[in-house]
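Peer 1: Dropping a structure here in structure tokens format, bear with me for questions.
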Amino acid sequence: QSRDPRAAAERWSMLLDRPWSVEGASLAIPLDQGEIRFVGPVDEDGTGVVGLDLRVMDAGGVVARAAADGLPLRDGGVVICGTAIRPID
């Protein structure tokens with residue numbers, strides 16, 4: 001998240017020497033095996049990493065086990081140090 005997602009995307013685009021583009025409600029920079037997405041503020045701080053998507057074999061099972069263990073969940077992922085780690089199939 002960033003208070004100015006476009007400026008953040010432009011800066012990272014320059015650093016990585018890769019173009020950024022609009023991807024739905026966010027800006028994104030494609031990587032060889034993934035992408036970086038830049039979004040507007042989602043909390044009071046308005047800066048920092050707020051989520052990671054990780055490809056797994058059984059996303060539903062991962063979330064179910066986390067919930068059964070009483071771990072905090074947000075946006076379909078497990079919250080670790082304020083960051084939602086979202087498993088995706």
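Residue numbering restarts at 1 for every chain of the structure tokens, chains are lettered A, B, ... in their displayed order, and ligands are numbered from 1 as they appear.
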Tell me, which residues of chain A carry DSSP alpha helix (DSSP H), written as number ranges by chain?
Peer 2: A: 5-16, 59-68
Peer 1: If you keep all heavy atoms, can you produce a file of those selected residues as a compact mmCIF listing (two decimals), in the first residue's frame?
Peer 2:
# COMPACT_ATOMS: atom_id res chain seq x y z
N PRO A 5 0.16 5.34 -4.97
CA PRO A 5 0.54 4.10 -5.66
C PRO A 5 1.22 4.32 -7.00
O PRO A 5 2.13 3.59 -7.36
CB PRO A 5 -0.79 3.36 -5.84
CG PRO A 5 -1.76 4.02 -4.95
CD PRO A 5 -1.26 5.39 -4.67
N ARG A 6 0.80 5.34 -7.72
CA ARG A 6 1.42 5.60 -9.03
C ARG A 6 2.89 5.96 -8.88
O ARG A 6 3.74 5.46 -9.60
CB ARG A 6 0.66 6.69 -9.78
CG ARG A 6 1.23 6.92 -11.16
CD ARG A 6 0.50 8.06 -11.88
NE ARG A 6 1.06 8.23 -13.19
CZ ARG A 6 0.42 8.02 -14.31
NH1 ARG A 6 -0.84 7.64 -14.29
NH2 ARG A 6 1.01 8.20 -15.47
N ALA A 7 3.20 6.83 -7.93
CA ALA A 7 4.60 7.21 -7.70
C ALA A 7 5.42 6.00 -7.26
O ALA A 7 6.56 5.82 -7.70
CB ALA A 7 4.69 8.32 -6.66
N ALA A 8 4.84 5.15 -6.41
CA ALA A 8 5.54 3.94 -5.97
C ALA A 8 5.79 3.00 -7.15
O ALA A 8 6.89 2.46 -7.30
CB ALA A 8 4.75 3.24 -4.87
N ALA A 9 4.78 2.81 -7.99
CA ALA A 9 4.93 1.94 -9.16
C ALA A 9 5.98 2.49 -10.11
O ALA A 9 6.81 1.74 -10.64
CB ALA A 9 3.59 1.77 -9.87
N GLU A 10 5.96 3.80 -10.32
CA GLU A 10 6.94 4.40 -11.22
C GLU A 10 8.36 4.23 -10.67
O GLU A 10 9.29 3.93 -11.42
CB GLU A 10 6.63 5.88 -11.44
CG GLU A 10 5.40 6.09 -12.30
CD GLU A 10 4.97 7.55 -12.40
OE1 GLU A 10 5.46 8.39 -11.61
OE2 GLU A 10 4.12 7.84 -13.27
N ARG A 11 8.53 4.41 -9.37
CA ARG A 11 9.86 4.26 -8.75
C ARG A 11 10.36 2.82 -8.87
O ARG A 11 11.48 2.57 -9.27
CB ARG A 11 9.79 4.68 -7.28
CG ARG A 11 11.05 4.48 -6.51
CD ARG A 11 12.09 5.49 -6.90
NE ARG A 11 13.24 5.33 -6.02
CZ ARG A 11 14.46 5.60 -6.37
NH1 ARG A 11 14.71 6.08 -7.57
NH2 ARG A 11 15.45 5.43 -5.55
N TRP A 12 9.50 1.85 -8.50
CA TRP A 12 9.90 0.45 -8.59
C TRP A 12 10.11 0.04 -10.05
O TRP A 12 10.98 -0.77 -10.35
CB TRP A 12 8.88 -0.43 -7.89
CG TRP A 12 9.11 -0.45 -6.41
CD1 TRP A 12 8.51 0.35 -5.48
CD2 TRP A 12 10.04 -1.27 -5.70
NE1 TRP A 12 9.01 0.06 -4.24
CE2 TRP A 12 9.95 -0.92 -4.35
CE3 TRP A 12 10.94 -2.25 -6.10
CZ2 TRP A 12 10.72 -1.54 -3.39
CZ3 TRP A 12 11.71 -2.86 -5.13
CH2 TRP A 12 11.60 -2.50 -3.79
N SER A 13 9.33 0.57 -10.95
CA SER A 13 9.49 0.28 -12.37
C SER A 13 10.88 0.71 -12.83
O SER A 13 11.57 -0.03 -13.55
CB SER A 13 8.41 1.01 -13.17
OG SER A 13 8.61 0.85 -14.54
N MET A 14 11.30 1.88 -12.40
CA MET A 14 12.62 2.38 -12.76
C MET A 14 13.72 1.50 -12.14
O MET A 14 14.67 1.11 -12.81
CB MET A 14 12.80 3.82 -12.28
CG MET A 14 14.14 4.43 -12.68
SD MET A 14 14.47 5.99 -11.86
CE MET A 14 14.77 5.42 -10.19
N LEU A 15 13.56 1.14 -10.86
CA LEU A 15 14.56 0.33 -10.18
C LEU A 15 14.71 -1.06 -10.79
O LEU A 15 15.81 -1.60 -10.90
CB LEU A 15 14.22 0.20 -8.69
CG LEU A 15 14.33 1.48 -7.87
CD1 LEU A 15 13.75 1.27 -6.49
CD2 LEU A 15 15.78 1.94 -7.78
N LEU A 16 13.57 -1.65 -11.19
CA LEU A 16 13.57 -3.00 -11.74
C LEU A 16 13.75 -3.04 -13.26
O LEU A 16 13.88 -4.10 -13.84
CB LEU A 16 12.27 -3.72 -11.37
CG LEU A 16 12.06 -3.96 -9.87
CD1 LEU A 16 10.65 -4.48 -9.62
CD2 LEU A 16 13.11 -4.90 -9.31
N ALA A 59 -5.42 -24.28 -1.41
CA ALA A 59 -5.63 -23.01 -0.71
C ALA A 59 -6.71 -23.12 0.35
O ALA A 59 -6.54 -22.62 1.47
CB ALA A 59 -5.98 -21.90 -1.71
N GLY A 60 -7.82 -23.76 0.03
CA GLY A 60 -8.91 -23.92 1.00
C GLY A 60 -8.45 -24.68 2.23
O GLY A 60 -8.81 -24.33 3.36
N GLY A 61 -7.66 -25.72 2.02
CA GLY A 61 -7.14 -26.50 3.14
C GLY A 61 -6.20 -25.70 4.02
O GLY A 61 -6.24 -25.81 5.25
N VAL A 62 -5.38 -24.86 3.41
CA VAL A 62 -4.46 -24.02 4.18
C VAL A 62 -5.24 -23.07 5.08
O VAL A 62 -4.97 -22.95 6.28
CB VAL A 62 -3.52 -23.22 3.24
CG1 VAL A 62 -2.74 -22.17 4.01
CG2 VAL A 62 -2.58 -24.16 2.51
N VAL A 63 -6.24 -22.40 4.52
CA VAL A 63 -7.05 -21.46 5.30
C VAL A 63 -7.83 -22.19 6.38
O VAL A 63 -7.92 -21.72 7.52
CB VAL A 63 -7.98 -20.63 4.38
CG1 VAL A 63 -8.93 -19.77 5.20
CG2 VAL A 63 -7.15 -19.76 3.44
N ALA A 64 -8.38 -23.35 6.06
CA ALA A 64 -9.14 -24.13 7.04
C ALA A 64 -8.26 -24.55 8.21
O ALA A 64 -8.68 -24.46 9.38
CB ALA A 64 -9.76 -25.36 6.38
N ARG A 65 -7.03 -24.99 7.94
CA ARG A 65 -6.13 -25.38 9.02
C ARG A 65 -5.73 -24.19 9.87
O ARG A 65 -5.65 -24.28 11.09
CB ARG A 65 -4.89 -26.09 8.46
CG ARG A 65 -5.19 -27.51 7.99
CD ARG A 65 -3.94 -28.29 7.62
NE ARG A 65 -3.21 -27.74 6.48
CZ ARG A 65 -3.55 -27.91 5.21
NH1 ARG A 65 -4.61 -28.64 4.90
NH2 ARG A 65 -2.83 -27.38 4.24
N ALA A 66 -5.50 -23.04 9.23
CA ALA A 66 -5.15 -21.83 9.97
C ALA A 66 -6.30 -21.42 10.88
O ALA A 66 -6.09 -21.07 12.04
CB ALA A 66 -4.80 -20.70 9.00
N ALA A 67 -7.53 -21.46 10.35
CA ALA A 67 -8.71 -21.10 11.15
C ALA A 67 -8.87 -22.08 12.31
O ALA A 67 -9.15 -21.66 13.45
CB ALA A 67 -9.96 -21.09 10.28
N ALA A 68 -8.68 -23.38 12.06
CA ALA A 68 -8.81 -24.39 13.12
C ALA A 68 -7.77 -24.18 14.22
O ALA A 68 -8.03 -24.47 15.39
CB ALA A 68 -8.67 -25.79 12.52
Peer 1: Could you produce a table of the residues of range 25-52 of chain A lying within 9 Å of range 80-86 of chain A, with the nearest pair of atoms per residue and their separation in Å rounded to one decimal, using only C-alpha atoms, ordered by chain and increasing residue number, as JSON lines?
Peer 2:
{"residue": "A:Val49", "atom": "CA", "partner": "A:Thr83", "partner_atom": "CA", "distance": 6.6}
{"residue": "A:Val50", "atom": "CA", "partner": "A:Thr83", "partner_atom": "CA", "distance": 4.7}
{"residue": "A:Gly51", "atom": "CA", "partner": "A:Ala84", "partner_atom": "CA", "distance": 4.5}
{"residue": "A:Leu52", "atom": "CA", "partner": "A:Ile85", "partner_atom": "CA", "distance": 4.9}
Peer 1: Which neighbours of Gly40 in chain A fall inside 10 Å, counting only C-alpha atoms, when residues of the same chain fewer than 6 positions from it are skipped, and could you give them as JSON, numbers by chain?
Peer 2: {"A": [1, 2, 3, 4, 5, 6, 25, 26, 27, 46, 47]}
Peer 1: Grab the residues selected above and save them as a CSV table (one decimal), in the first residue's frame with N, CA and C atoms.
Peer 2:
chain,number,residue,atom,x,y,z
A,1,GLN,N,0.8,-1.2,0.0
A,1,GLN,CA,0.0,0.0,0.0
A,1,GLN,C,0.9,1.2,0.0
A,2,SER,N,0.3,2.3,-0.6
A,2,SER,CA,1.1,3.5,-0.7
A,2,SER,C,0.1,4.7,-0.7
A,3,ARG,N,0.4,5.8,-0.1
A,3,ARG,CA,-0.4,7.0,-0.3
A,3,ARG,C,-0.5,7.5,-1.7
A,4,ASP,N,0.6,7.1,-2.5
A,4,ASP,CA,0.7,7.5,-3.9
A,4,ASP,C,1.1,6.3,-4.7
A,5,PRO,N,0.2,5.3,-5.0
A,5,PRO,CA,0.5,4.1,-5.7
A,5,PRO,C,1.2,4.3,-7.0
A,6,ARG,N,0.8,5.3,-7.7
A,6,ARG,CA,1.4,5.6,-9.0
A,6,ARG,C,2.9,6.0,-8.9
A,25,ALA,N,-8.0,-2.5,-10.0
A,25,ALA,CA,-8.0,-1.4,-9.1
A,25,ALA,C,-6.6,-1.1,-8.6
A,26,SER,N,-5.6,-1.8,-9.1
A,26,SER,CA,-4.2,-1.5,-8.7
A,26,SER,C,-3.3,-1.3,-9.9
A,27,LEU,N,-2.1,-1.0,-9.6
A,27,LEU,CA,-1.0,-0.9,-10.6
A,27,LEU,C,-0.1,-2.1,-10.4
A,46,GLY,N,-1.1,3.6,5.9
A,46,GLY,CA,-1.1,3.9,4.5
A,46,GLY,C,0.2,3.6,3.7
A,47,THR,N,1.2,2.9,4.4
A,47,THR,CA,2.4,2.5,3.7
A,47,THR,C,2.8,1.1,4.1
Peer 1: Which of these, A:Leu54, A:Ser21, A:Gly70, A:Gly76, has the shortest distance to Gln33 in chain A once you count only C-alpha atoms?
Peer 2: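 Of all the options, A:Leu54 lies closest to Gln33 in chain A.
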